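Source file structure_24.cif; content: mmCIF, C-alpha atoms.
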```
data_entry
loop_
_atom_site.label_atom_id
_atom_site.label_comp_id
_atom_site.auth_asym_id
_atom_site.auth_seq_id
_atom_site.Cartn_x
_atom_site.Cartn_y
_atom_site.Cartn_z
CA MET T 1 -5.56 96.70 55.75
CA ILE T 2 -2.56 95.79 53.71
CA ARG T 3 0.19 93.86 55.41
CA THR T 4 3.36 92.37 54.10
CA GLU T 5 3.22 88.63 53.87
CA ARG T 6 5.97 86.13 53.62
CA ILE T 7 5.12 82.55 52.77
CA ASP T 8 7.68 79.76 52.53
CA LEU T 9 7.37 76.50 50.63
CA GLU T 10 3.62 76.45 50.09
CA PRO T 11 2.31 73.64 47.88
CA ALA T 12 0.99 75.29 44.72
CA PHE T 13 0.25 74.92 41.02
CA VAL T 14 0.68 77.40 38.22
CA LEU T 15 -2.72 77.92 36.57
CA HIS T 16 -1.61 80.35 33.91
CA SER T 17 1.36 82.52 33.12
CA ARG T 18 2.17 85.22 30.69
CA ARG T 19 5.24 87.24 29.86
CA TYR T 20 5.85 90.31 31.89
CA ARG T 21 8.51 92.80 30.79
CA GLU T 22 11.52 91.24 29.10
CA THR T 23 12.36 88.18 31.13
CA SER T 24 9.71 87.92 33.83
CA LEU T 25 6.50 85.99 34.14
CA LEU T 26 3.20 87.07 35.63
CA ILE T 27 1.72 83.96 37.17
CA GLU T 28 -1.74 83.08 38.38
CA ALA T 29 -1.13 80.33 40.91
CA PHE T 30 -3.30 78.20 43.14
CA GLY T 31 -1.76 77.74 46.57
CA HIS T 32 -2.84 75.22 49.18
CA ASP T 33 -3.40 77.84 51.88
CA SER T 34 -3.44 81.07 49.90
CA GLY T 35 -5.98 80.11 47.29
CA ARG T 36 -5.62 81.90 43.99
CA LEU T 37 -2.78 84.41 43.93
CA ALA T 38 -0.88 86.50 41.43
CA VAL T 39 2.91 86.44 41.65
CA VAL T 40 5.68 87.91 39.55
CA ALA T 41 8.60 85.62 38.80
CA ARG T 42 11.39 88.03 38.05
CA GLY T 43 13.96 86.89 35.53
CA ALA T 44 12.20 83.55 35.11
CA LEU T 45 12.75 83.61 31.34
CA ARG T 46 16.49 84.26 31.49
CA PRO T 47 18.42 81.42 29.90
CA LYS T 48 20.08 80.51 33.17
CA SER T 49 17.02 80.79 35.37
CA ARG T 50 16.47 77.64 37.36
CA MET T 51 12.75 78.29 37.57
CA ARG T 52 12.31 78.38 33.80
CA GLY T 53 11.32 74.77 33.31
CA LEU T 54 9.39 74.53 36.54
CA LEU T 55 6.92 77.37 36.29
CA GLN T 56 4.55 75.48 34.05
CA PRO T 57 0.98 74.37 34.61
CA PHE T 58 0.33 70.92 36.13
CA ILE T 59 3.68 70.59 37.93
CA PRO T 60 3.28 70.21 41.71
CA LEU T 61 5.45 72.94 43.24
CA LEU T 62 6.54 74.35 46.54
CA ILE T 63 6.63 78.11 46.18
CA SER T 64 7.94 80.86 48.41
CA TRP T 65 6.75 84.39 47.93
CA ARG T 66 6.51 87.67 49.66
CA GLY T 67 4.56 90.80 49.03
CA ARG T 68 1.50 92.70 49.92
CA GLY T 69 -1.76 93.51 48.29
CA GLU T 70 -2.66 92.14 44.91
CA LEU T 71 0.69 91.23 43.42
CA ALA T 72 3.36 89.25 45.24
CA THR T 73 6.91 88.39 44.23
CA LEU T 74 8.02 84.83 43.83
CA THR T 75 11.26 84.19 45.68
CA ALA T 76 11.71 80.47 45.09
CA ALA T 77 10.04 77.50 43.44
CA GLU T 78 10.95 73.86 43.55
CA ALA T 79 9.28 70.75 42.25
CA GLN T 80 7.47 68.69 44.82
CA GLY T 81 7.92 65.02 44.10
CA GLU T 82 8.10 63.32 40.76
CA ILE T 83 7.36 65.28 37.61
CA VAL T 84 4.77 63.35 35.63
CA PRO T 85 5.09 64.32 31.96
CA THR T 86 1.60 65.34 30.91
CA GLN T 87 0.58 63.91 27.59
CA GLY T 88 -1.12 65.99 24.96
CA SER T 89 -4.76 65.06 25.44
CA ALA T 90 -4.56 65.26 29.23
CA THR T 91 -3.02 68.71 28.79
CA LEU T 92 -5.99 69.98 26.81
CA ILE T 93 -8.34 68.77 29.55
CA GLY T 94 -6.02 70.31 32.13
CA PHE T 95 -6.35 73.69 30.39
CA TYR T 96 -10.11 73.40 30.78
CA VAL T 97 -9.79 72.63 34.49
CA ASN T 98 -7.45 75.61 34.94
CA GLU T 99 -9.80 77.87 33.03
CA LEU T 100 -12.63 76.81 35.36
CA LEU T 101 -10.52 77.64 38.40
CA LEU T 102 -9.62 81.05 37.00
CA HIS T 103 -13.30 81.72 36.39
CA PHE T 104 -14.57 80.72 39.79
CA LEU T 105 -11.78 81.38 42.28
CA HIS T 106 -11.33 84.78 43.86
CA ARG T 107 -7.90 86.01 44.89
CA HIS T 108 -6.77 85.08 48.39
CA ASP T 109 -9.74 82.88 49.25
CA PRO T 110 -8.15 79.83 50.87
CA GLU T 111 -9.55 76.59 49.45
CA PRO T 112 -7.38 73.79 50.86
CA ASP T 113 -9.96 71.06 50.18
CA LEU T 114 -10.47 72.17 46.62
CA PHE T 115 -6.69 72.26 46.21
CA GLU T 116 -6.50 68.58 47.16
CA THR T 117 -9.35 67.79 44.78
CA TYR T 118 -7.51 69.64 42.02
CA ARG T 119 -4.28 67.77 42.68
CA ARG T 120 -6.03 64.41 42.56
CA THR T 121 -8.04 65.39 39.47
CA LEU T 122 -4.83 66.22 37.58
CA GLN T 123 -3.38 62.84 38.45
CA ARG T 124 -6.56 61.08 37.38
CA ILE T 125 -6.91 62.78 34.03
CA ALA T 126 -3.28 61.95 33.28
CA LEU T 127 -3.73 58.28 34.11
CA GLU T 128 -7.34 57.29 33.50
CA GLU T 129 -8.66 56.02 30.21
CA ASP T 130 -11.88 58.02 30.53
CA PRO T 131 -11.38 61.33 32.36
CA GLU T 132 -15.08 62.28 32.35
CA PRO T 133 -16.14 60.95 35.78
CA SER T 134 -13.21 62.71 37.47
CA LEU T 135 -13.95 65.91 35.58
CA ARG T 136 -17.62 65.94 36.61
CA ILE T 137 -16.72 65.35 40.26
CA PHE T 138 -14.19 68.19 40.08
CA GLU T 139 -16.78 70.52 38.57
CA LYS T 140 -19.30 69.60 41.24
CA ARG T 141 -16.83 70.22 44.07
CA LEU T 142 -15.62 73.46 42.50
CA LEU T 143 -19.18 74.78 42.38
CA GLN T 144 -19.71 73.65 45.94
CA ALA T 145 -16.56 75.36 47.19
CA THR T 146 -17.30 78.64 45.45
CA GLY T 147 -20.86 79.04 46.66
CA TYR T 148 -22.81 77.52 43.78
CA ALA T 149 -23.43 74.09 45.28
CA LEU T 150 -25.80 71.93 43.26
CA GLN T 151 -28.94 70.71 44.92
CA LEU T 152 -29.00 67.02 44.10
CA GLU T 153 -30.97 65.23 46.80
CA ARG T 154 -34.17 67.20 47.16
CA GLU T 155 -36.56 69.09 44.90
CA ALA T 156 -36.19 72.85 44.89
CA LYS T 157 -39.73 73.92 45.79
CA SER T 158 -41.35 71.02 47.62
CA GLY T 159 -38.22 69.69 49.30
CA ALA T 160 -39.29 66.15 48.38
CA ARG T 161 -36.55 63.54 48.03
CA ILE T 162 -35.24 62.90 44.53
CA VAL T 163 -36.48 59.56 43.21
CA PRO T 164 -34.16 57.57 40.88
CA ASP T 165 -36.91 56.66 38.43
CA ALA T 166 -38.44 60.14 38.08
CA ARG T 167 -37.32 62.84 35.67
CA TYR T 168 -36.52 66.41 36.60
CA ILE T 169 -35.72 69.74 35.10
CA TYR T 170 -32.73 71.45 36.73
CA ARG T 171 -32.79 75.20 37.21
CA PRO T 172 -29.25 76.57 37.72
CA ASP T 173 -30.45 79.14 40.24
CA SER T 174 -32.69 77.00 42.38
CA GLY T 175 -32.41 73.28 41.69
CA PRO T 176 -34.43 70.33 40.41
CA GLU T 177 -38.18 70.46 39.79
CA PRO T 178 -40.39 67.65 38.50
CA TRP T 179 -40.19 67.41 34.73
CA ASP T 180 -43.50 67.89 32.94
CA PRO T 181 -43.54 66.83 29.27
CA ARG T 182 -46.36 69.28 28.52
CA ARG T 183 -44.54 72.29 29.92
CA HIS T 184 -40.85 71.54 29.48
CA SER T 185 -38.93 70.93 26.30
CA GLY T 186 -36.12 68.40 25.97
CA ALA T 187 -35.95 65.23 27.98
CA GLY T 188 -35.03 66.54 31.44
CA ILE T 189 -32.61 64.74 33.67
CA SER T 190 -33.17 61.49 35.53
CA GLY T 191 -33.26 61.30 39.30
CA GLU T 192 -30.69 58.56 39.01
CA THR T 193 -28.17 60.97 37.50
CA LEU T 194 -28.76 63.61 40.19
CA LEU T 195 -28.25 61.02 42.93
CA ALA T 196 -25.20 59.51 41.21
CA LEU T 197 -23.62 62.96 41.03
CA SER T 198 -24.47 63.55 44.66
CA GLU T 199 -22.77 60.30 45.68
CA GLU T 200 -19.98 60.82 43.13
CA ARG T 201 -20.53 57.42 41.59
CA LEU T 202 -20.55 58.06 37.86
CA SER T 203 -20.12 54.98 35.76
CA LYS T 204 -23.08 54.42 33.40
CA ARG T 205 -22.87 56.03 29.96
CA ASP T 206 -26.31 57.65 30.17
CA THR T 207 -25.56 59.04 33.61
CA LEU T 208 -22.29 60.54 32.36
CA ARG T 209 -23.94 62.09 29.35
CA GLU T 210 -26.72 63.67 31.42
CA ALA T 211 -24.26 64.83 34.07
CA LYS T 212 -22.14 66.49 31.39
CA GLN T 213 -25.12 68.37 29.95
CA LEU T 214 -26.22 69.43 33.43
CA MET T 215 -22.75 70.70 34.35
CA ARG T 216 -22.36 72.53 31.09
CA ARG T 217 -25.62 74.42 31.65
CA VAL T 218 -24.94 75.21 35.29
CA ILE T 219 -21.36 76.37 34.65
CA PHE T 220 -22.48 78.46 31.71
CA ALA T 221 -25.11 80.13 33.89
CA HIS T 222 -22.71 80.84 36.75
CA SER T 223 -19.71 81.97 34.73
CA GLY T 224 -21.49 85.02 33.38
CA GLU T 225 -22.67 83.04 30.34
CA LYS T 226 -19.15 83.03 28.97
CA THR T 227 -18.15 80.14 26.79
CA LEU T 228 -15.06 78.42 28.09
CA ILE T 229 -12.55 78.44 25.28
CA SER T 230 -10.58 75.36 26.21
CA ARG T 231 -13.68 73.21 26.11
CA ASN T 232 -13.93 73.83 22.37
CA LEU T 233 -10.42 72.51 21.80
CA TRP T 234 -11.17 69.43 23.74
CA ARG T 235 -14.55 68.83 22.12
CA ARG T 236 -12.98 68.92 18.68
CA ARG T 237 -10.51 66.32 19.80
CA ARG T 238 -13.20 64.07 21.25
CA SER T 239 -15.34 64.27 18.15
CA SER T 240 -12.38 63.36 15.99
CA ASP T 241 -11.71 60.46 18.34
CA ALA T 242 -15.19 59.11 17.86
CA ALA T 243 -15.03 59.43 14.10
CA MET R 1 17.11 119.81 32.03
CA SER R 2 13.80 119.23 30.33
CA ALA R 3 14.17 118.23 26.71
CA SER R 4 12.54 120.11 23.83
CA PRO R 5 9.21 118.63 22.66
CA LEU R 6 10.70 116.97 19.59
CA ILE R 7 13.54 115.34 21.53
CA ALA R 8 11.04 114.16 24.11
CA ARG R 9 8.97 112.61 21.32
CA LEU R 10 12.04 110.88 19.91
CA VAL R 11 12.96 109.46 23.31
CA ASP R 12 9.39 108.28 23.84
CA ALA R 13 9.28 106.66 20.41
CA LEU R 14 12.54 104.78 21.02
CA ARG R 15 11.05 103.24 24.13
CA CYS R 16 8.84 101.02 22.00
CA LEU R 17 11.91 98.82 21.47
CA PRO R 18 12.17 95.79 23.75
CA GLY R 19 14.39 96.28 26.77
CA VAL R 20 14.67 100.03 26.28
CA GLY R 21 13.76 102.17 29.26
CA PRO R 22 13.80 105.99 29.54
CA LYS R 23 17.55 106.18 30.29
CA THR R 24 18.60 104.00 27.37
CA ALA R 25 16.17 105.75 25.05
CA GLN R 26 17.67 109.11 25.92
CA ARG R 27 21.20 107.81 25.35
CA MET R 28 20.14 106.46 21.95
CA ALA R 29 18.49 109.72 20.97
CA PHE R 30 21.51 111.85 21.88
CA HIS R 31 23.89 109.41 20.23
CA LEU R 32 21.99 109.60 16.95
CA LEU R 33 21.72 113.39 17.10
CA GLU R 34 25.34 113.99 18.06
CA ARG R 35 27.31 111.57 15.93
CA ASN R 36 25.26 109.45 13.64
CA ARG R 37 22.67 111.44 11.77
CA ASP R 38 23.24 109.64 8.47
CA ALA R 39 22.68 106.25 10.00
CA ALA R 40 19.61 107.59 11.77
CA ARG R 41 18.19 108.88 8.46
CA GLU R 42 18.81 105.50 6.90
CA LEU R 43 17.16 103.81 9.90
CA SER R 44 14.07 105.95 9.61
CA LYS R 45 13.84 105.28 5.87
CA VAL R 46 14.20 101.51 6.23
CA LEU R 47 11.82 101.46 9.17
CA GLU R 48 9.19 103.31 7.18
CA GLU R 49 9.60 101.11 4.14
CA ALA R 50 9.62 97.88 6.16
CA MET R 51 6.48 98.79 8.05
CA VAL R 52 4.66 99.51 4.81
CA ARG R 53 5.92 96.65 2.66
CA ILE R 54 6.48 93.68 4.95
CA GLY R 55 3.49 91.40 5.34
CA ARG R 56 3.02 87.69 5.77
CA CYS R 57 4.12 84.95 3.41
CA GLU R 58 0.91 83.41 2.12
CA SER R 59 2.38 79.95 2.28
CA CYS R 60 4.27 79.73 5.59
CA ARG R 61 3.02 82.88 7.39
CA THR R 62 6.48 84.22 8.21
CA PHE R 63 7.30 87.90 7.61
CA SER R 64 8.01 88.69 3.98
CA GLU R 65 7.74 91.61 1.58
CA ASP R 66 6.81 89.30 -1.27
CA PRO R 67 3.60 87.28 -1.38
CA ARG R 68 5.77 84.18 -0.87
CA CYS R 69 8.99 84.29 1.15
CA PRO R 70 12.42 83.25 -0.23
CA VAL R 71 12.33 79.94 1.67
CA CYS R 72 8.96 78.99 0.18
CA THR R 73 10.03 79.90 -3.37
CA ALA R 74 13.50 78.27 -3.24
CA ARG R 75 13.78 75.44 -5.76
CA ASP R 76 16.38 73.37 -3.96
CA ARG R 77 14.27 72.55 -0.89
CA ASP R 78 12.37 69.37 -0.11
CA PRO R 79 8.64 70.15 -0.50
CA ARG R 80 7.60 66.88 1.15
CA LEU R 81 9.03 67.87 4.52
CA LEU R 82 7.21 70.52 6.58
CA CYS R 83 8.51 71.95 9.85
CA VAL R 84 6.09 73.76 12.19
CA VAL R 85 7.57 76.46 14.44
CA GLU R 86 6.07 79.06 16.76
CA THR R 87 7.83 82.24 15.61
CA PRO R 88 9.90 83.65 12.72
CA ALA R 89 12.82 83.72 15.20
CA ASP R 90 12.49 79.95 15.69
CA MET R 91 12.47 79.51 11.92
CA ALA R 92 15.62 81.63 11.59
CA ALA R 93 17.33 79.59 14.31
CA ILE R 94 16.61 76.31 12.54
CA GLU R 95 17.63 77.77 9.18
CA SER R 96 20.96 79.07 10.39
CA VAL R 97 22.37 76.08 12.21
CA THR R 98 20.64 72.81 11.44
CA GLY R 99 21.00 72.15 7.73
CA TYR R 100 17.26 71.46 7.53
CA ARG R 101 16.21 71.75 3.88
CA GLY R 102 12.45 71.28 4.03
CA MET R 103 9.62 73.80 4.14
CA PHE R 104 8.24 75.75 7.12
CA PHE R 105 4.98 76.77 8.68
CA VAL R 106 5.04 79.56 11.29
CA LEU R 107 2.21 79.57 13.82
CA MET R 108 3.00 83.01 15.28
CA GLY R 109 2.28 81.67 18.75
CA HIS R 110 0.97 78.54 20.40
CA LEU R 111 -2.40 77.25 21.53
CA SER R 112 -3.28 79.03 24.73
CA PRO R 113 -7.00 78.89 25.40
CA LEU R 114 -6.69 81.04 28.52
CA ASP R 115 -5.29 83.86 26.38
CA GLY R 116 -7.94 83.36 23.73
CA VAL R 117 -5.53 81.79 21.24
CA GLY R 118 -7.21 78.87 19.51
CA PRO R 119 -6.72 77.05 16.20
CA ALA R 120 -8.13 79.93 14.16
CA GLU R 121 -5.65 82.48 15.57
CA LEU R 122 -2.75 80.21 14.61
CA GLY R 123 -3.89 79.93 11.00
CA LEU R 124 -4.48 76.21 11.28
CA ASP R 125 -7.05 76.33 8.47
CA ARG R 126 -4.19 77.27 6.18
CA PHE R 127 -2.01 74.57 7.70
CA GLN R 128 -4.77 72.04 7.01
CA LYS R 129 -4.97 73.12 3.38
CA ARG R 130 -1.23 72.72 3.02
CA ILE R 131 -1.06 69.22 4.42
CA GLU R 132 -4.05 68.20 2.34
CA SER R 133 -2.91 69.61 -0.98
CA GLU R 134 0.88 69.63 -1.13
CA GLY R 135 1.80 65.94 -1.01
CA ILE R 136 3.70 66.23 2.28
CA ASP R 137 5.30 63.04 3.70
CA GLU R 138 6.38 64.24 7.11
CA VAL R 139 5.52 67.09 9.45
CA VAL R 140 8.21 68.00 11.98
CA LEU R 141 6.68 69.57 15.09
CA ALA R 142 9.22 72.06 16.44
CA THR R 143 7.11 73.95 18.98
CA SER R 144 8.57 74.96 22.34
CA SER R 145 9.05 72.51 25.15
CA THR R 146 6.48 74.24 27.36
CA VAL R 147 3.09 72.90 28.36
CA GLU R 148 1.43 75.07 25.71
CA GLY R 149 4.01 74.07 23.11
CA GLU R 150 3.44 70.39 23.86
CA ALA R 151 -0.34 70.81 23.69
CA THR R 152 0.04 72.55 20.34
CA ALA R 153 2.26 69.77 19.03
CA HIS R 154 -0.23 67.19 20.19
CA TYR R 155 -3.13 68.99 18.54
CA LEU R 156 -1.22 69.31 15.27
CA ALA R 157 -0.03 65.69 15.42
CA GLU R 158 -3.65 64.55 15.54
CA MET R 159 -4.54 66.68 12.51
CA VAL R 160 -1.54 65.32 10.63
CA ARG R 161 -2.07 61.65 11.48
CA GLU R 162 -5.78 61.78 10.61
CA ARG R 163 -4.62 62.45 7.08
CA GLY R 164 -2.21 59.52 7.01
CA ILE R 165 0.92 61.70 7.18
CA ARG R 166 3.89 61.00 9.44
CA ALA R 167 4.23 63.39 12.40
CA THR R 168 7.53 63.72 14.27
CA ARG R 169 8.47 65.77 17.32
CA ILE R 170 11.93 67.32 17.75
CA ALA R 171 14.05 65.45 20.31
CA GLN R 172 14.54 66.74 23.82
CA GLY R 173 17.25 66.00 26.33
CA VAL R 174 20.69 66.79 27.61
CA PRO R 175 22.17 69.88 25.90
CA MET R 176 25.54 69.84 24.16
CA GLY R 177 28.31 70.07 26.72
CA GLY R 178 25.77 69.42 29.44
CA GLU R 179 26.88 67.54 32.50
CA LEU R 180 24.10 65.38 33.90
CA GLU R 181 24.60 66.60 37.44
CA PHE R 182 23.57 70.11 36.42
CA VAL R 183 20.70 69.29 34.07
CA ASP R 184 17.28 70.13 35.52
CA GLY R 185 15.04 67.29 36.64
CA GLY R 186 12.35 67.63 33.99
CA THR R 187 14.85 67.56 31.13
CA LEU R 188 16.70 64.61 32.59
CA ALA R 189 13.44 62.68 33.03
CA ARG R 190 12.61 63.29 29.34
CA ALA R 191 16.12 62.33 28.26
CA ILE R 192 15.80 58.98 30.02
CA THR R 193 12.28 58.31 28.71
CA ALA R 194 13.18 59.19 25.13
CA ARG R 195 16.53 57.34 25.07
CA ARG R 196 17.51 55.79 21.77
CA ASP R 197 19.69 53.08 20.29
CA VAL R 198 23.33 53.93 19.79
CA ASP R 199 24.43 54.00 16.15
CA VAL R 200 27.65 52.07 15.82
#
```
What's the structure tokens form of this structure?
Amino acid sequence: MIRTERIDLEPAFVLHSRRYRETSLLIEAFGHDSGRLAVVARGALRPKSRMRGLLQPFIPLLISWRGRGELATLTAAEAQGEIVPTQGSATLIGFYVNELLLHFLHRHDPEPDLFETYRRTLQRIALEEDPEPSLRIFEKRLLQATGYALQLEREAKSGARIVPDARYIYRPDSGPEPWDPRRHSGAGISGETLLALSEERLSKRDTLREAKQLMRRVIFAHSGEKTLISRNLWRRRRSSDAA
Amino acid sequence: MSASPLIARLVDALRCLPGVGPKTAQRMAFHLLERNRDAARELSKVLEEAMVRIGRCESCRTFSEDPRCPVCTARDRDPRLLCVVETPADMAAIESVTGYRGMFFVLMGHLSPLDGVGPAELGLDRFQKRIESEGIDEVVLATSSTVEGEATAHYLAEMVRERGIRATRIAQGVPMGGELEFVDGGTLARAITARRDVDV
């Protein structure tokens, strides 16, 4: 059933926008109560439009919209609180986070908890020296919220508790299994990393590195084996940092 | 009245212009047919020729019918100064009003990973060759003041600085004739952050 909706002043972020007709924008937004939604901002690109500077990714907004079905019309947008100017490198990471959301969120699936996580993650990557721990926690919670929760405390088949000192191989579809050097290639992943990710306490370098590899594989498997484009931008930057 | 097939085709073809809907297209078509056939013939000739001959300048990537555009071949410009813009329209704007006398590089867009636009699509390999081979002292980053424009500027600034070249970003702030009360919050915040010493 399609009904007309009218929402006033909902906290939201713009995830992505593109031009629509001459002066309008087609926006993919993430609303606190509405989840992912598509709205048209009519006349947003006109020189005198007051929304022009606001309808950008990473700015906390309050949006009002009305409409029915797939595409709604934006009626108002105002900034919520202080506008933190995002610096270049944080922006590139932010693009990656937005791309993840666009991959995993379905339209009109309310995700208020994930919305809060997203808001805090944006603040952290703008302020923290090393954004990796916050990114991994965001990825973990995103997977959890969208039905791909990682199994981090027990083995997939036996159900045995994960032991910090043991090594495991993680199967994206089922979960961790004991790592066997004769059967499995690579080095597997340590129980310590799985538990650290479960408790969201990521501080050691090795743990972070393993968590990153794990997340990359799991996200790749669940996003239809599509490579996320923004990650490449960011990786280039990181490698040039290290050099 | 339903138009004859050829008129209908003309009206349809005119609709490819930005901002032209069916009504406007029909008005244009009848105007050309009724009172301005010579101009219309000239238009069709120029259009045809332009579409065939105009390509990209091999140096700055702007539109040009020669391998290198007039700006890139001019002798009285400063070859050590390179300004990066998003579109040929941006380049024209800077050319017409600012008195800038350096060279240009036109990206034809900005980095936008979610639209599949990465460094390769913006011709950054060519940009890299230019900054490595042409003895440039300063790169002026004149991309838009949007999130994507800022990200692009940041990405380019890193490329430029890695090679020991100065990177500058165009200033942002209160517009000419702008009264503070009416300036939007984001712009005002930038204007305060990027304040500068007063020349006396």
Between R:Met103, R:Val46, R:Met51, R:Val174, smallest distance to R:Asp76 by all atoms listed in the file belongs to R:Met103
Report as a CSV table (one decimal) with C-alpha atoms, in the frame of the given file the residues that result from applying the PyMOL selection byres ((chain R) within 6 of (chain T)) to the structure here.
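result.csv, written as the output of this step:
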```
chain,number,residue,atom,x,y,z
R,113,PRO,CA,-7.0,78.9,25.4
R,151,ALA,CA,-0.3,70.8,23.7
R,154,HIS,CA,-0.2,67.2,20.2
```
Can you give me, as a list in words, the residues this file yields under the PyMOL selection byres ((chain T and resi 212-215) around 8)?
Arg136, Glu139, Lys140, Tyr170, Ile189, Leu208, Arg209, Glu210, Ala211, Arg216, Arg217, Val218 and Ile219 of chain T
Store the residues picked out above, limited to C-alpha atoms, as a compact mmCIF listing (two decimals), keeping the file's coordinate frame.
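Wrote it out as part.txt, contents follow:
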```
# COMPACT_ATOMS: atom_id res chain seq x y z
CA ARG T 136 -17.62 65.94 36.61
CA GLU T 139 -16.78 70.52 38.57
CA LYS T 140 -19.30 69.60 41.24
CA TYR T 170 -32.73 71.45 36.73
CA ILE T 189 -32.61 64.74 33.67
CA LEU T 208 -22.29 60.54 32.36
CA ARG T 209 -23.94 62.09 29.35
CA GLU T 210 -26.72 63.67 31.42
CA ALA T 211 -24.26 64.83 34.07
CA ARG T 216 -22.36 72.53 31.09
CA ARG T 217 -25.62 74.42 31.65
CA VAL T 218 -24.94 75.21 35.29
CA ILE T 219 -21.36 76.37 34.65
```
Margin query: What does the structure give for the distance between atom CA of R:Ser145 and atom CA of R:Gly102, in Å to one decimal?
Written below: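 Atom CA of R:Gly102 lies 21.4 Å from atom CA of R:Ser145.
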Note to self: Please determine, counting all atoms listed in the file, which residue among R:Ile165, R:Leu124, R:Val85, R:Val198 has the shortest atom-to-atom distance to R:Thr143.
What the structure shows: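 Ranking R:Ile165, R:Leu124, R:Val85, R:Val198 by distance to R:Thr143, first place goes to R:Val85.
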